[in-house]
>>> print(open('data39.cif').read())   # mmCIF, C-alpha atoms
data_work
#
loop_
_atom_site.label_atom_id
_atom_site.label_comp_id
_atom_site.auth_asym_id
_atom_site.auth_seq_id
_atom_site.Cartn_x
_atom_site.Cartn_y
_atom_site.Cartn_z
CA MET A 39 -22.74 -31.72 -23.64
CA THR A 40 -22.88 -29.91 -26.98
CA ASP A 41 -21.73 -31.04 -30.41
CA LEU A 42 -18.64 -29.56 -32.06
CA THR A 43 -19.07 -26.33 -33.95
CA PRO A 44 -18.51 -26.52 -37.72
CA ASP A 45 -15.44 -24.29 -37.32
CA LEU A 46 -13.72 -26.61 -34.85
CA ALA A 47 -14.67 -29.70 -36.86
CA ALA A 48 -13.15 -28.07 -39.94
CA ARG A 49 -9.96 -27.20 -38.04
CA LEU A 50 -9.58 -30.77 -36.86
CA ALA A 51 -10.13 -32.11 -40.37
CA ALA A 52 -7.60 -29.65 -41.79
CA ALA A 53 -5.07 -30.99 -39.27
CA GLY A 54 -5.67 -34.53 -40.50
CA LEU A 55 -7.72 -35.52 -37.46
CA ASP A 56 -11.14 -37.12 -37.69
CA PRO A 57 -13.56 -34.80 -35.85
CA ALA A 58 -15.97 -37.58 -34.83
CA ALA A 59 -13.17 -39.86 -33.62
CA THR A 60 -11.51 -37.03 -31.69
CA ALA A 61 -14.79 -36.06 -30.05
CA ALA A 62 -15.44 -39.70 -29.13
CA LEU A 63 -11.99 -40.00 -27.56
CA VAL A 64 -12.56 -36.82 -25.54
CA ARG A 65 -15.98 -38.01 -24.39
CA ALA A 66 -14.41 -41.26 -23.20
CA ALA A 67 -11.74 -39.30 -21.32
CA LEU A 68 -14.33 -37.09 -19.68
CA ALA A 69 -16.38 -40.13 -18.72
CA GLU A 70 -13.40 -41.44 -16.74
CA ASP A 71 -13.96 -38.56 -14.33
CA GLY A 72 -17.44 -39.76 -13.45
CA ALA A 73 -20.81 -38.04 -13.51
CA VAL A 74 -20.37 -35.90 -10.39
CA ASP A 75 -17.55 -33.58 -9.32
CA VAL A 76 -17.87 -33.90 -5.55
CA THR A 77 -15.33 -31.12 -5.00
CA SER A 78 -16.58 -28.38 -7.31
CA GLU A 79 -20.33 -28.88 -7.18
CA PRO A 80 -20.74 -28.16 -3.45
CA ILE A 81 -18.55 -25.05 -3.75
CA PHE A 82 -19.98 -23.46 -6.92
CA GLY A 83 -23.51 -23.00 -8.10
CA PRO A 84 -24.71 -23.55 -11.69
CA ASP A 85 -24.64 -19.79 -12.34
CA ASP A 86 -21.09 -19.16 -11.09
CA THR A 87 -18.60 -18.29 -13.80
CA ALA A 88 -14.81 -18.15 -14.07
CA ALA A 89 -12.07 -17.39 -16.57
CA GLY A 90 -8.53 -18.62 -16.94
CA ASP A 91 -5.56 -19.11 -19.24
CA PHE A 92 -3.79 -22.28 -20.29
CA THR A 93 -0.20 -21.06 -19.99
CA ALA A 94 3.13 -22.60 -20.98
CA ARG A 95 5.54 -22.99 -18.08
CA GLU A 96 8.57 -23.80 -20.21
CA ASP A 97 9.85 -23.25 -23.75
CA GLY A 98 8.79 -25.69 -26.44
CA VAL A 99 6.44 -26.49 -29.29
CA VAL A 100 2.66 -26.65 -28.95
CA ALA A 101 0.42 -29.44 -30.23
CA GLY A 102 -3.18 -30.25 -29.36
CA VAL A 103 -4.80 -26.83 -29.16
CA PRO A 104 -7.82 -27.91 -31.25
CA VAL A 105 -8.01 -31.14 -29.27
CA ALA A 106 -8.15 -29.22 -25.99
CA ALA A 107 -10.77 -27.04 -27.66
CA VAL A 108 -12.90 -30.14 -28.15
CA VAL A 109 -12.88 -30.67 -24.38
CA LEU A 110 -13.94 -27.08 -23.79
CA GLU A 111 -16.64 -27.10 -26.45
CA LEU A 112 -18.18 -30.35 -25.28
CA LEU A 113 -18.49 -28.90 -21.79
CA GLY A 114 -19.87 -25.56 -22.96
CA VAL A 115 -16.79 -23.49 -22.10
CA ALA A 116 -15.95 -20.52 -24.33
CA TYR A 117 -12.35 -20.25 -25.48
CA GLU A 118 -9.93 -18.38 -27.69
CA ALA A 119 -6.77 -19.99 -29.05
CA ARG A 120 -3.80 -17.67 -28.69
CA VAL A 121 -1.31 -19.87 -30.56
CA ALA A 122 -1.42 -22.44 -33.34
CA ASP A 123 -0.19 -26.01 -33.25
CA GLY A 124 3.44 -26.18 -34.32
CA ASP A 125 4.26 -22.77 -32.85
CA ARG A 126 7.32 -22.38 -30.68
CA VAL A 127 6.33 -20.85 -27.34
CA ALA A 128 8.16 -19.54 -24.31
CA ALA A 129 7.44 -19.91 -20.62
CA GLY A 130 4.63 -17.53 -19.74
CA ASP A 131 2.95 -17.56 -23.14
CA VAL A 132 -0.82 -17.99 -23.06
CA LEU A 133 -1.96 -20.84 -25.29
CA ILE A 134 -5.72 -20.75 -24.77
CA SER A 135 -7.98 -18.37 -22.87
CA ALA A 136 -11.19 -19.90 -21.54
CA SER A 137 -14.29 -18.72 -19.70
CA GLY A 138 -17.64 -20.13 -18.69
CA PRO A 139 -19.42 -21.91 -15.87
CA THR A 140 -16.95 -22.52 -13.06
CA ARG A 141 -18.00 -26.15 -12.66
CA ALA A 142 -17.54 -26.82 -16.37
CA LEU A 143 -14.16 -25.12 -16.52
CA LEU A 144 -12.89 -27.13 -13.56
CA ARG A 145 -14.22 -30.36 -15.08
CA ALA A 146 -12.48 -29.53 -18.36
CA GLU A 147 -9.16 -28.60 -16.75
CA ARG A 148 -7.45 -31.96 -16.26
CA THR A 149 -8.64 -33.66 -19.44
CA ALA A 150 -7.64 -30.66 -21.56
CA LEU A 151 -4.26 -30.45 -19.84
CA ASN A 152 -3.63 -34.19 -20.12
CA LEU A 153 -4.07 -34.04 -23.88
CA LEU A 154 -2.33 -30.70 -24.38
CA THR A 155 0.73 -31.51 -22.26
CA HIS A 156 1.17 -34.97 -23.77
CA LEU A 157 0.89 -33.86 -27.38
CA SER A 158 3.03 -30.76 -26.84
CA GLY A 159 5.68 -32.94 -25.21
CA ILE A 160 5.81 -35.10 -28.33
CA ALA A 161 5.95 -32.04 -30.60
CA THR A 162 8.70 -30.47 -28.50
CA GLU A 163 10.86 -33.59 -28.53
CA THR A 164 10.30 -34.08 -32.25
CA ARG A 165 11.39 -30.51 -32.90
CA ARG A 166 14.63 -31.18 -31.03
CA TRP A 167 15.37 -34.05 -33.40
CA ALA A 168 14.31 -32.10 -36.48
CA ASP A 169 16.53 -29.20 -35.47
CA ALA A 170 19.46 -31.56 -34.78
CA ILE A 171 19.42 -32.98 -38.32
CA GLU A 172 18.41 -29.82 -40.15
CA GLY A 173 20.33 -29.37 -43.39
CA THR A 174 21.26 -33.04 -43.79
CA GLY A 175 18.34 -33.92 -46.05
CA ALA A 176 17.09 -36.54 -43.59
CA CYS A 177 13.79 -36.47 -41.71
CA VAL A 178 12.87 -37.77 -38.28
CA ARG A 179 10.08 -40.34 -38.44
CA ASP A 180 7.86 -42.03 -35.88
CA SER A 181 6.73 -45.65 -35.53
CA ARG A 182 3.72 -47.67 -34.34
CA LYS A 183 5.03 -47.49 -30.77
CA THR A 184 2.00 -45.46 -29.72
CA LEU A 185 -0.44 -45.61 -26.82
CA PRO A 186 -3.59 -47.58 -27.69
CA GLY A 187 -6.33 -45.24 -28.86
CA LEU A 188 -4.01 -42.24 -29.18
CA ARG A 189 -2.13 -43.11 -32.36
CA ALA A 190 -3.77 -40.49 -34.59
CA LEU A 191 -3.18 -37.74 -32.03
CA GLN A 192 0.39 -38.78 -31.24
CA LYS A 193 1.35 -38.97 -34.89
CA TYR A 194 -0.30 -35.59 -35.44
CA ALA A 195 1.90 -34.18 -32.67
CA VAL A 196 4.97 -35.57 -34.47
CA ARG A 197 3.94 -33.64 -37.57
CA CYS A 198 3.49 -30.50 -35.47
CA GLY A 199 7.09 -30.88 -34.30
CA GLY A 200 8.51 -31.12 -37.80
CA GLY A 201 8.65 -34.90 -38.12
CA VAL A 202 6.99 -37.23 -40.59
CA ASN A 203 4.83 -40.28 -40.07
CA HIS A 204 5.56 -43.89 -40.82
CA ARG A 205 2.56 -46.14 -41.51
CA MET A 206 -0.53 -45.54 -39.42
CA SER A 207 -1.59 -49.18 -39.39
CA LEU A 208 -0.63 -52.66 -40.55
CA ALA A 209 -2.85 -52.12 -43.61
CA ASP A 210 -1.02 -49.03 -44.89
CA ALA A 211 2.32 -50.54 -45.88
CA ALA A 212 4.30 -53.73 -45.40
CA LEU A 213 7.32 -53.86 -43.10
CA VAL A 214 9.28 -57.11 -43.22
CA LYS A 215 10.89 -57.39 -39.79
CA ASP A 216 13.29 -59.91 -38.28
CA ASN A 217 10.53 -62.21 -37.05
CA HIS A 218 8.97 -62.31 -40.51
CA VAL A 219 12.35 -63.24 -41.97
CA ALA A 220 13.01 -65.88 -39.31
CA ALA A 221 9.61 -67.50 -39.83
CA ALA A 222 9.69 -67.22 -43.64
CA GLY A 223 13.26 -68.47 -43.97
CA SER A 224 14.84 -65.52 -45.74
CA VAL A 225 14.44 -61.87 -46.69
CA THR A 226 13.84 -62.85 -50.30
CA ARG A 227 11.09 -65.33 -49.51
CA ALA A 228 9.24 -62.88 -47.25
CA TYR A 229 9.56 -60.01 -49.73
CA GLU A 230 8.45 -62.05 -52.74
CA ALA A 231 5.44 -63.45 -50.86
CA ILE A 232 4.16 -59.93 -50.18
CA ARG A 233 4.84 -58.79 -53.73
CA ALA A 234 2.89 -61.74 -55.12
CA VAL A 235 -0.24 -60.63 -53.26
CA TYR A 236 0.27 -56.85 -53.22
CA PRO A 237 2.29 -55.95 -56.34
CA SER A 238 1.95 -52.17 -55.90
CA LEU A 239 2.12 -51.90 -52.11
CA HIS A 240 4.95 -49.99 -50.42
CA VAL A 241 7.20 -52.61 -48.83
CA GLN A 242 10.03 -51.86 -46.42
CA VAL A 243 12.54 -54.52 -45.41
CA GLU A 244 14.34 -54.45 -42.07
CA CYS A 245 18.00 -55.46 -42.36
CA ASP A 246 20.45 -56.17 -39.55
CA THR A 247 23.53 -56.69 -41.73
CA LEU A 248 25.02 -55.49 -44.99
CA ASP A 249 24.49 -58.97 -46.41
CA GLN A 250 20.78 -58.62 -45.77
CA VAL A 251 20.82 -55.19 -47.41
CA ALA A 252 22.36 -56.75 -50.52
CA GLU A 253 19.77 -59.55 -50.44
CA ALA A 254 16.90 -57.07 -50.09
CA LEU A 255 18.19 -55.06 -53.04
CA ALA A 256 18.53 -58.19 -55.15
CA ALA A 257 14.93 -59.11 -54.31
CA GLY A 258 13.80 -55.70 -55.57
CA ALA A 259 13.28 -53.79 -52.34
CA THR A 260 13.09 -50.03 -52.74
CA SER A 261 12.79 -49.22 -49.03
CA ILE A 262 15.19 -50.60 -46.41
CA LEU A 263 15.30 -50.11 -42.66
CA LEU A 264 18.80 -50.35 -41.19
CA ASP A 265 18.30 -51.87 -37.75
CA ASN A 266 20.79 -51.10 -34.96
CA MET A 267 23.67 -50.39 -37.31
CA SER A 268 26.62 -48.28 -36.22
CA VAL A 269 27.39 -45.03 -38.02
CA PRO A 270 30.18 -46.69 -40.10
CA GLU A 271 27.85 -49.58 -40.97
CA THR A 272 25.10 -47.14 -41.90
CA ALA A 273 27.50 -45.22 -44.14
CA ALA A 274 28.55 -48.49 -45.79
CA ALA A 275 24.90 -49.36 -46.40
CA VAL A 276 24.29 -45.98 -48.01
CA LYS A 277 27.26 -46.58 -50.30
CA LEU A 278 26.09 -50.10 -51.14
CA VAL A 279 22.54 -49.00 -51.95
CA ASP A 280 23.78 -46.05 -54.02
CA GLY A 281 20.36 -44.45 -54.38
CA ARG A 282 18.50 -47.60 -55.43
CA ALA A 283 16.31 -47.60 -52.29
CA GLU A 284 15.27 -45.20 -49.57
CA LEU A 285 17.03 -45.87 -46.28
CA GLU A 286 15.84 -45.49 -42.71
CA ALA A 287 18.14 -45.75 -39.70
CA SER A 288 16.50 -47.31 -36.66
CA GLY A 289 17.28 -48.70 -33.23
CA GLY A 290 19.38 -47.22 -30.46
CA LEU A 291 19.43 -43.73 -31.90
CA ALA A 292 20.21 -40.86 -29.54
CA LEU A 293 19.66 -37.16 -30.02
CA ALA A 294 23.33 -36.42 -29.38
CA GLY A 295 24.37 -38.57 -32.33
CA ALA A 296 21.47 -37.78 -34.63
CA ALA A 297 23.42 -35.44 -36.89
CA ASP A 298 26.15 -38.04 -37.43
CA VAL A 299 23.61 -40.66 -38.45
CA ALA A 300 21.77 -38.25 -40.74
CA ALA A 301 25.05 -37.14 -42.35
CA THR A 302 25.61 -40.67 -43.69
CA GLY A 303 22.96 -40.00 -46.31
CA VAL A 304 19.98 -41.94 -44.95
CA ASP A 305 16.55 -40.56 -45.74
CA TYR A 306 14.94 -41.11 -42.34
CA LEU A 307 15.78 -41.56 -38.67
CA ALA A 308 13.16 -43.74 -36.97
CA VAL A 309 12.60 -42.65 -33.38
CA GLY A 310 9.96 -44.67 -31.55
CA ALA A 311 10.69 -42.74 -28.36
CA LEU A 312 8.91 -39.71 -29.80
CA THR A 313 5.56 -41.30 -29.05
CA HIS A 314 6.34 -43.75 -26.27
CA SER A 315 8.73 -41.77 -24.09
CA SER A 316 8.45 -38.02 -24.61
CA ARG A 317 8.13 -36.06 -21.37
CA ALA A 318 4.91 -34.11 -20.85
CA PHE A 319 5.25 -30.43 -21.63
CA ASP A 320 4.56 -28.23 -18.61
CA ILE A 321 1.32 -26.28 -19.02
CA GLY A 322 -1.04 -25.00 -16.36
CA LEU A 323 -4.51 -23.50 -16.17
CA ASP A 324 -4.52 -20.37 -14.03
CA PHE A 325 -7.78 -18.65 -13.10
CA SER A 326 -7.79 -14.89 -13.41
#
>>> encode(input="data39.cif", output="structure tokens")
Amino acid sequence: MTDLTPDLAARLAAAGLDPAATAALVRAALAEDGAVDVTSEPIFGPDDTAAGDFTAREDGVVAGVPVAAVVLELLGVAYEARVADGDRVAAGDVLISASGPTRALLRAERTALNLLTHLSGIATETRRWADAIEGTGACVRDSRKTLPGLRALQKYAVRCGGGVNHRMSLADAALVKDNHVAAAGSVTRAYEAIRAVYPSLHVQVECDTLDQVAEALAAGATSILLDNMSVPETAAAVKLVDGRAELEASGGLALAGAADVAATGVDYLAVGALTHSSRAFDIGLDFS
């Protein structure tokens, strides 16, 4: 296996992805397939070559082209990207053209497709939400409901689809949730404990009721998550806050009602399903 070219490493870094971490993840994925391909190796010799196209089989948004390129590069397969991450594509569009040793191309196929279809599925679903709330001033945002080891890639795919990221890890920002409040005794006590240790840290407080919203504001919160509130309750919270804190609607949101929630004046719609439940985007590798 070869190292990444400087060009691909630079493209990954420009996308906000760590080249070394991405390559390590891909190597681990390739290792899952074992050291020997007992199907391809008896059929094809080391000098046999092939070419093929990774082609979209439905309309959507692409994410993961440089990640799939890592798979190809590590296996010594030449490639040319035909689209860029974030592009809208139609069924039949070629995303990547690849050529090289037949054995290597067949070994690369499933790992590249697994990553490309998963990330493009997230980007496509995110774009549906972003389009649904366009013009409202609100943004669709993800959560930490990600697959272990894939968080950076999944959150990258959200960005490709027009969404924005919430915190990447527990160290990035504080989020006071219902269990924190229950264990601490109150919203105020939990919020003030964090502020005493991290006076400049971004702190978001999850609120289930308008009374909790008022308490969070009184404690000094400037970021509030409205958990499982109806549209009328969300609108009332927006009126109560009156611009003193950013607001994020969360819990039980559906694409069909996204515009109504966004129209209340919240800043964000939190959609954990973007990363934990998006359907894989249909892409295939077809040999020419």
>>> closest_residue(input="data39.cif", among="A:Pro57, A:Pro237, A:Gly322, A:Gly310", to="Thr184 in chain A", atoms="all atoms listed in the file")
A:Gly310
>>> residues_near_point(input="data39.cif", point="(7.0, -27.0, -38.2)", cutoff="10 Å", atoms="all atoms listed in the file", output="PDB file with C-alpha atoms, keeping the file's coordinate frame")
ATOM      1  CA  VAL A  99       6.440 -26.490 -29.290  1.00  0.00           C
ATOM      2  CA  ASP A 123      -0.190 -26.010 -33.250  1.00  0.00           C
ATOM      3  CA  GLY A 124       3.440 -26.180 -34.320  1.00  0.00           C
ATOM      4  CA  ASP A 125       4.260 -22.770 -32.850  1.00  0.00           C
ATOM      5  CA  ARG A 126       7.320 -22.380 -30.680  1.00  0.00           C
ATOM      6  CA  ALA A 161       5.950 -32.040 -30.600  1.00  0.00           C
ATOM      7  CA  THR A 164      10.300 -34.080 -32.250  1.00  0.00           C
ATOM      8  CA  ARG A 165      11.390 -30.510 -32.900  1.00  0.00           C
ATOM      9  CA  ALA A 168      14.310 -32.100 -36.480  1.00  0.00           C
ATOM     10  CA  VAL A 196       4.970 -35.570 -34.470  1.00  0.00           C
ATOM     11  CA  ARG A 197       3.940 -33.640 -37.570  1.00  0.00           C
ATOM     12  CA  CYS A 198       3.490 -30.500 -35.470  1.00  0.00           C
ATOM     13  CA  GLY A 199       7.090 -30.880 -34.300  1.00  0.00           C
ATOM     14  CA  GLY A 200       8.510 -31.120 -37.800  1.00  0.00           C
ATOM     15  CA  GLY A 201       8.650 -34.900 -38.120  1.00  0.00           C
TER      16      GLY A 201
END
>>> closest_residue(input="data39.cif", among="A:Ala176, A:Val214, A:Ala195, A:Leu133", to="Leu285 in chain A", atoms="all atoms listed in the file")
A:Ala176
>>> residues_around(input="data39.cif", residues="Thr247 in chain A", least_positions_apart="3", cutoff="10 Å", atoms="only C-alpha atoms", output="number ranges by chain")
A: 244, 250-253, 264-267, 271-272, 275
>>> atom_distance(input="data39.cif", atom1="CA of Leu307 in chain A", atom2="CA of Ala287 in chain A")
4.9 Å
>>> resolve_selection(input="data39.cif", expression="the PyMOL selection byres ((chain A and resi 224) around 12)", output="JSON, numbers by chain")
{"A": [214, 215, 216, 217, 218, 219, 220, 221, 222, 223, 225, 226, 227, 228, 229, 230, 231, 243, 244, 245, 249, 250, 253, 254, 257]}
>>> residues_near_point(input="data39.cif", point="(-8.7, -18.8, -12.6)", cutoff="7 Å", atoms="all atoms listed in the file", output="ChimeraX atom specification")
/A:88-90,324-326
>>> residues_around(input="data39.cif", residues="range 46-56 of chain A", least_positions_apart="4", cutoff="9 Å", atoms="only C-alpha atoms", output="list of chain:residue names")
A:Leu42, A:Thr60, A:Ala61, A:Pro104, A:Val105, A:Ala107, A:Val108, A:Glu111, A:Ala190, A:Leu191, A:Tyr194
>>> resolve_selection(input="data39.cif", expression="the PyMOL selection byres ((chain A and resi 136) around 7)", output="VMD selection string")
chain A and resid 89 to 91 115 to 118 134 to 135 137
>>> atom_distance(input="data39.cif", atom1="CA of Ser316 in chain A", atom2="CA of His156 in chain A")
7.9 Å
>>> residues_around(input="data39.cif", residues="Gly102 in chain A", least_positions_apart="3", cutoff="7 Å", atoms="all atoms listed in the file", output="NGL selection string")
:A and (105-106 or 123 or 153-154 or 157-158)
>>> resolve_selection(input="data39.cif", expression="the PyMOL selection byres ((chain A and resi 283) around 6)", output="list in words")
Thr260, Ser261, Gly281, Arg282 and Glu284 of chain A
>>> residues_around(input="data39.cif", residues="range 142-148 of chain A", least_positions_apart="5", cutoff="7 Å", atoms="only C-alpha atoms", output="PyMOL selection string")
chain A and resi 109-110+113+115+323
>>> decode(input="data39.cif", residues="range 296-325 of chain A", atoms="N, CA and C atoms", output="PDB file, in the first residue's frame")
ATOM      1  N   ALA A 296     -40.584  20.970   9.219  1.00  0.00           N
ATOM      2  CA  ALA A 296     -39.365  21.727   9.474  1.00  0.00           C
ATOM      3  C   ALA A 296     -39.557  23.223   9.247  1.00  0.00           C
ATOM      4  N   ALA A 297     -40.233  23.583   8.170  1.00  0.00           N
ATOM      5  CA  ALA A 297     -40.415  24.998   7.857  1.00  0.00           C
ATOM      6  C   ALA A 297     -41.230  25.705   8.935  1.00  0.00           C
ATOM      7  N   ASP A 298     -42.213  25.025   9.489  1.00  0.00           N
ATOM      8  CA  ASP A 298     -43.033  25.629  10.548  1.00  0.00           C
ATOM      9  C   ASP A 298     -42.209  25.887  11.798  1.00  0.00           C
ATOM     10  N   VAL A 299     -41.343  24.935  12.150  1.00  0.00           N
ATOM     11  CA  VAL A 299     -40.490  25.120  13.310  1.00  0.00           C
ATOM     12  C   VAL A 299     -39.504  26.264  13.066  1.00  0.00           C
ATOM     13  N   ALA A 300     -38.882  26.260  11.899  1.00  0.00           N
ATOM     14  CA  ALA A 300     -37.903  27.298  11.576  1.00  0.00           C
ATOM     15  C   ALA A 300     -38.534  28.683  11.546  1.00  0.00           C
ATOM     16  N   ALA A 301     -39.801  28.749  11.104  1.00  0.00           N
ATOM     17  CA  ALA A 301     -40.484  30.044  10.990  1.00  0.00           C
ATOM     18  C   ALA A 301     -40.770  30.683  12.343  1.00  0.00           C
ATOM     19  N   THR A 302     -40.637  29.931  13.438  1.00  0.00           N
ATOM     20  CA  THR A 302     -40.868  30.519  14.765  1.00  0.00           C
ATOM     21  C   THR A 302     -39.787  31.519  15.137  1.00  0.00           C
ATOM     22  N   GLY A 303     -38.626  31.396  14.476  1.00  0.00           N
ATOM     23  CA  GLY A 303     -37.528  32.302  14.782  1.00  0.00           C
ATOM     24  C   GLY A 303     -36.357  31.664  15.488  1.00  0.00           C
ATOM     25  N   VAL A 304     -36.365  30.324  15.635  1.00  0.00           N
ATOM     26  CA  VAL A 304     -35.209  29.659  16.240  1.00  0.00           C
ATOM     27  C   VAL A 304     -34.020  29.773  15.304  1.00  0.00           C
ATOM     28  N   ASP A 305     -32.839  29.611  15.872  1.00  0.00           N
ATOM     29  CA  ASP A 305     -31.617  29.712  15.078  1.00  0.00           C
ATOM     30  C   ASP A 305     -31.222  28.389  14.446  1.00  0.00           C
ATOM     31  N   TYR A 306     -31.523  27.287  15.140  1.00  0.00           N
ATOM     32  CA  TYR A 306     -31.111  25.968  14.661  1.00  0.00           C
ATOM     33  C   TYR A 306     -32.220  24.943  14.834  1.00  0.00           C
ATOM     34  N   LEU A 307     -32.208  23.948  13.958  1.00  0.00           N
ATOM     35  CA  LEU A 307     -33.010  22.739  14.121  1.00  0.00           C
ATOM     36  C   LEU A 307     -32.024  21.591  14.294  1.00  0.00           C
ATOM     37  N   ALA A 308     -32.056  20.943  15.450  1.00  0.00           N
ATOM     38  CA  ALA A 308     -31.155  19.825  15.716  1.00  0.00           C
ATOM     39  C   ALA A 308     -31.784  18.539  15.196  1.00  0.00           C
ATOM     40  N   VAL A 309     -31.056  17.846  14.310  1.00  0.00           N
ATOM     41  CA  VAL A 309     -31.600  16.640  13.692  1.00  0.00           C
ATOM     42  C   VAL A 309     -30.570  15.518  13.826  1.00  0.00           C
ATOM     43  N   GLY A 310     -30.675  14.753  14.891  1.00  0.00           N
ATOM     44  CA  GLY A 310     -29.752  13.643  15.101  1.00  0.00           C
ATOM     45  C   GLY A 310     -29.861  12.569  14.037  1.00  0.00           C
ATOM     46  N   ALA A 311     -31.028  12.471  13.414  1.00  0.00           N
ATOM     47  CA  ALA A 311     -31.246  11.444  12.393  1.00  0.00           C
ATOM     48  C   ALA A 311     -30.344  11.624  11.178  1.00  0.00           C
ATOM     49  N   LEU A 312     -29.809  12.813  10.981  1.00  0.00           N
ATOM     50  CA  LEU A 312     -28.929  13.031   9.837  1.00  0.00           C
ATOM     51  C   LEU A 312     -27.777  12.034   9.846  1.00  0.00           C
ATOM     52  N   THR A 313     -27.218  11.801  11.019  1.00  0.00           N
ATOM     53  CA  THR A 313     -26.063  10.921  11.112  1.00  0.00           C
ATOM     54  C   THR A 313     -26.412   9.503  11.548  1.00  0.00           C
ATOM     55  N   HIS A 314     -27.503   9.328  12.270  1.00  0.00           N
ATOM     56  CA  HIS A 314     -27.780   7.963  12.738  1.00  0.00           C
ATOM     57  C   HIS A 314     -28.798   7.211  11.896  1.00  0.00           C
ATOM     58  N   SER A 315     -29.502   7.899  10.989  1.00  0.00           N
ATOM     59  CA  SER A 315     -30.569   7.192  10.274  1.00  0.00           C
ATOM     60  C   SER A 315     -30.683   7.499   8.787  1.00  0.00           C
ATOM     61  N   SER A 316     -29.780   8.264   8.228  1.00  0.00           N
ATOM     62  CA  SER A 316     -29.891   8.572   6.801  1.00  0.00           C
ATOM     63  C   SER A 316     -29.688   7.311   5.966  1.00  0.00           C
ATOM     64  N   ARG A 317     -30.498   7.166   4.945  1.00  0.00           N
ATOM     65  CA  ARG A 317     -30.401   6.017   4.036  1.00  0.00           C
ATOM     66  C   ARG A 317     -29.168   6.161   3.144  1.00  0.00           C
ATOM     67  N   ALA A 318     -28.510   5.060   2.873  1.00  0.00           N
ATOM     68  CA  ALA A 318     -27.357   5.086   1.969  1.00  0.00           C
ATOM     69  C   ALA A 318     -27.786   5.544   0.582  1.00  0.00           C
ATOM     70  N   PHE A 319     -26.970   6.383   0.001  1.00  0.00           N
ATOM     71  CA  PHE A 319     -27.205   6.874  -1.361  1.00  0.00           C
ATOM     72  C   PHE A 319     -26.760   5.789  -2.358  1.00  0.00           C
ATOM     73  N   ASP A 320     -27.536   5.580  -3.391  1.00  0.00           N
ATOM     74  CA  ASP A 320     -27.275   4.470  -4.307  1.00  0.00           C
ATOM     75  C   ASP A 320     -26.199   4.846  -5.327  1.00  0.00           C
ATOM     76  N   ILE A 321     -25.057   4.189  -5.196  1.00  0.00           N
ATOM     77  CA  ILE A 321     -23.934   4.387  -6.118  1.00  0.00           C
ATOM     78  C   ILE A 321     -23.385   3.011  -6.468  1.00  0.00           C
ATOM     79  N   GLY A 322     -22.959   2.840  -7.705  1.00  0.00           N
ATOM     80  CA  GLY A 322     -22.374   1.570  -8.110  1.00  0.00           C
ATOM     81  C   GLY A 322     -21.070   1.763  -8.856  1.00  0.00           C
ATOM     82  N   LEU A 323     -20.237   0.761  -8.844  1.00  0.00           N
ATOM     83  CA  LEU A 323     -19.023   0.751  -9.656  1.00  0.00           C
ATOM     84  C   LEU A 323     -19.264  -0.181 -10.833  1.00  0.00           C
ATOM     85  N   ASP A 324     -19.196   0.382 -12.040  1.00  0.00           N
ATOM     86  CA  ASP A 324     -19.432  -0.393 -13.248  1.00  0.00           C
ATOM     87  C   ASP A 324     -18.165  -0.431 -14.078  1.00  0.00           C
ATOM     88  N   PHE A 325     -17.660  -1.627 -14.353  1.00  0.00           N
ATOM     89  CA  PHE A 325     -16.474  -1.772 -15.206  1.00  0.00           C
ATOM     90  C   PHE A 325     -16.824  -1.462 -16.653  1.00  0.00           C
TER      91      PHE A 325
END
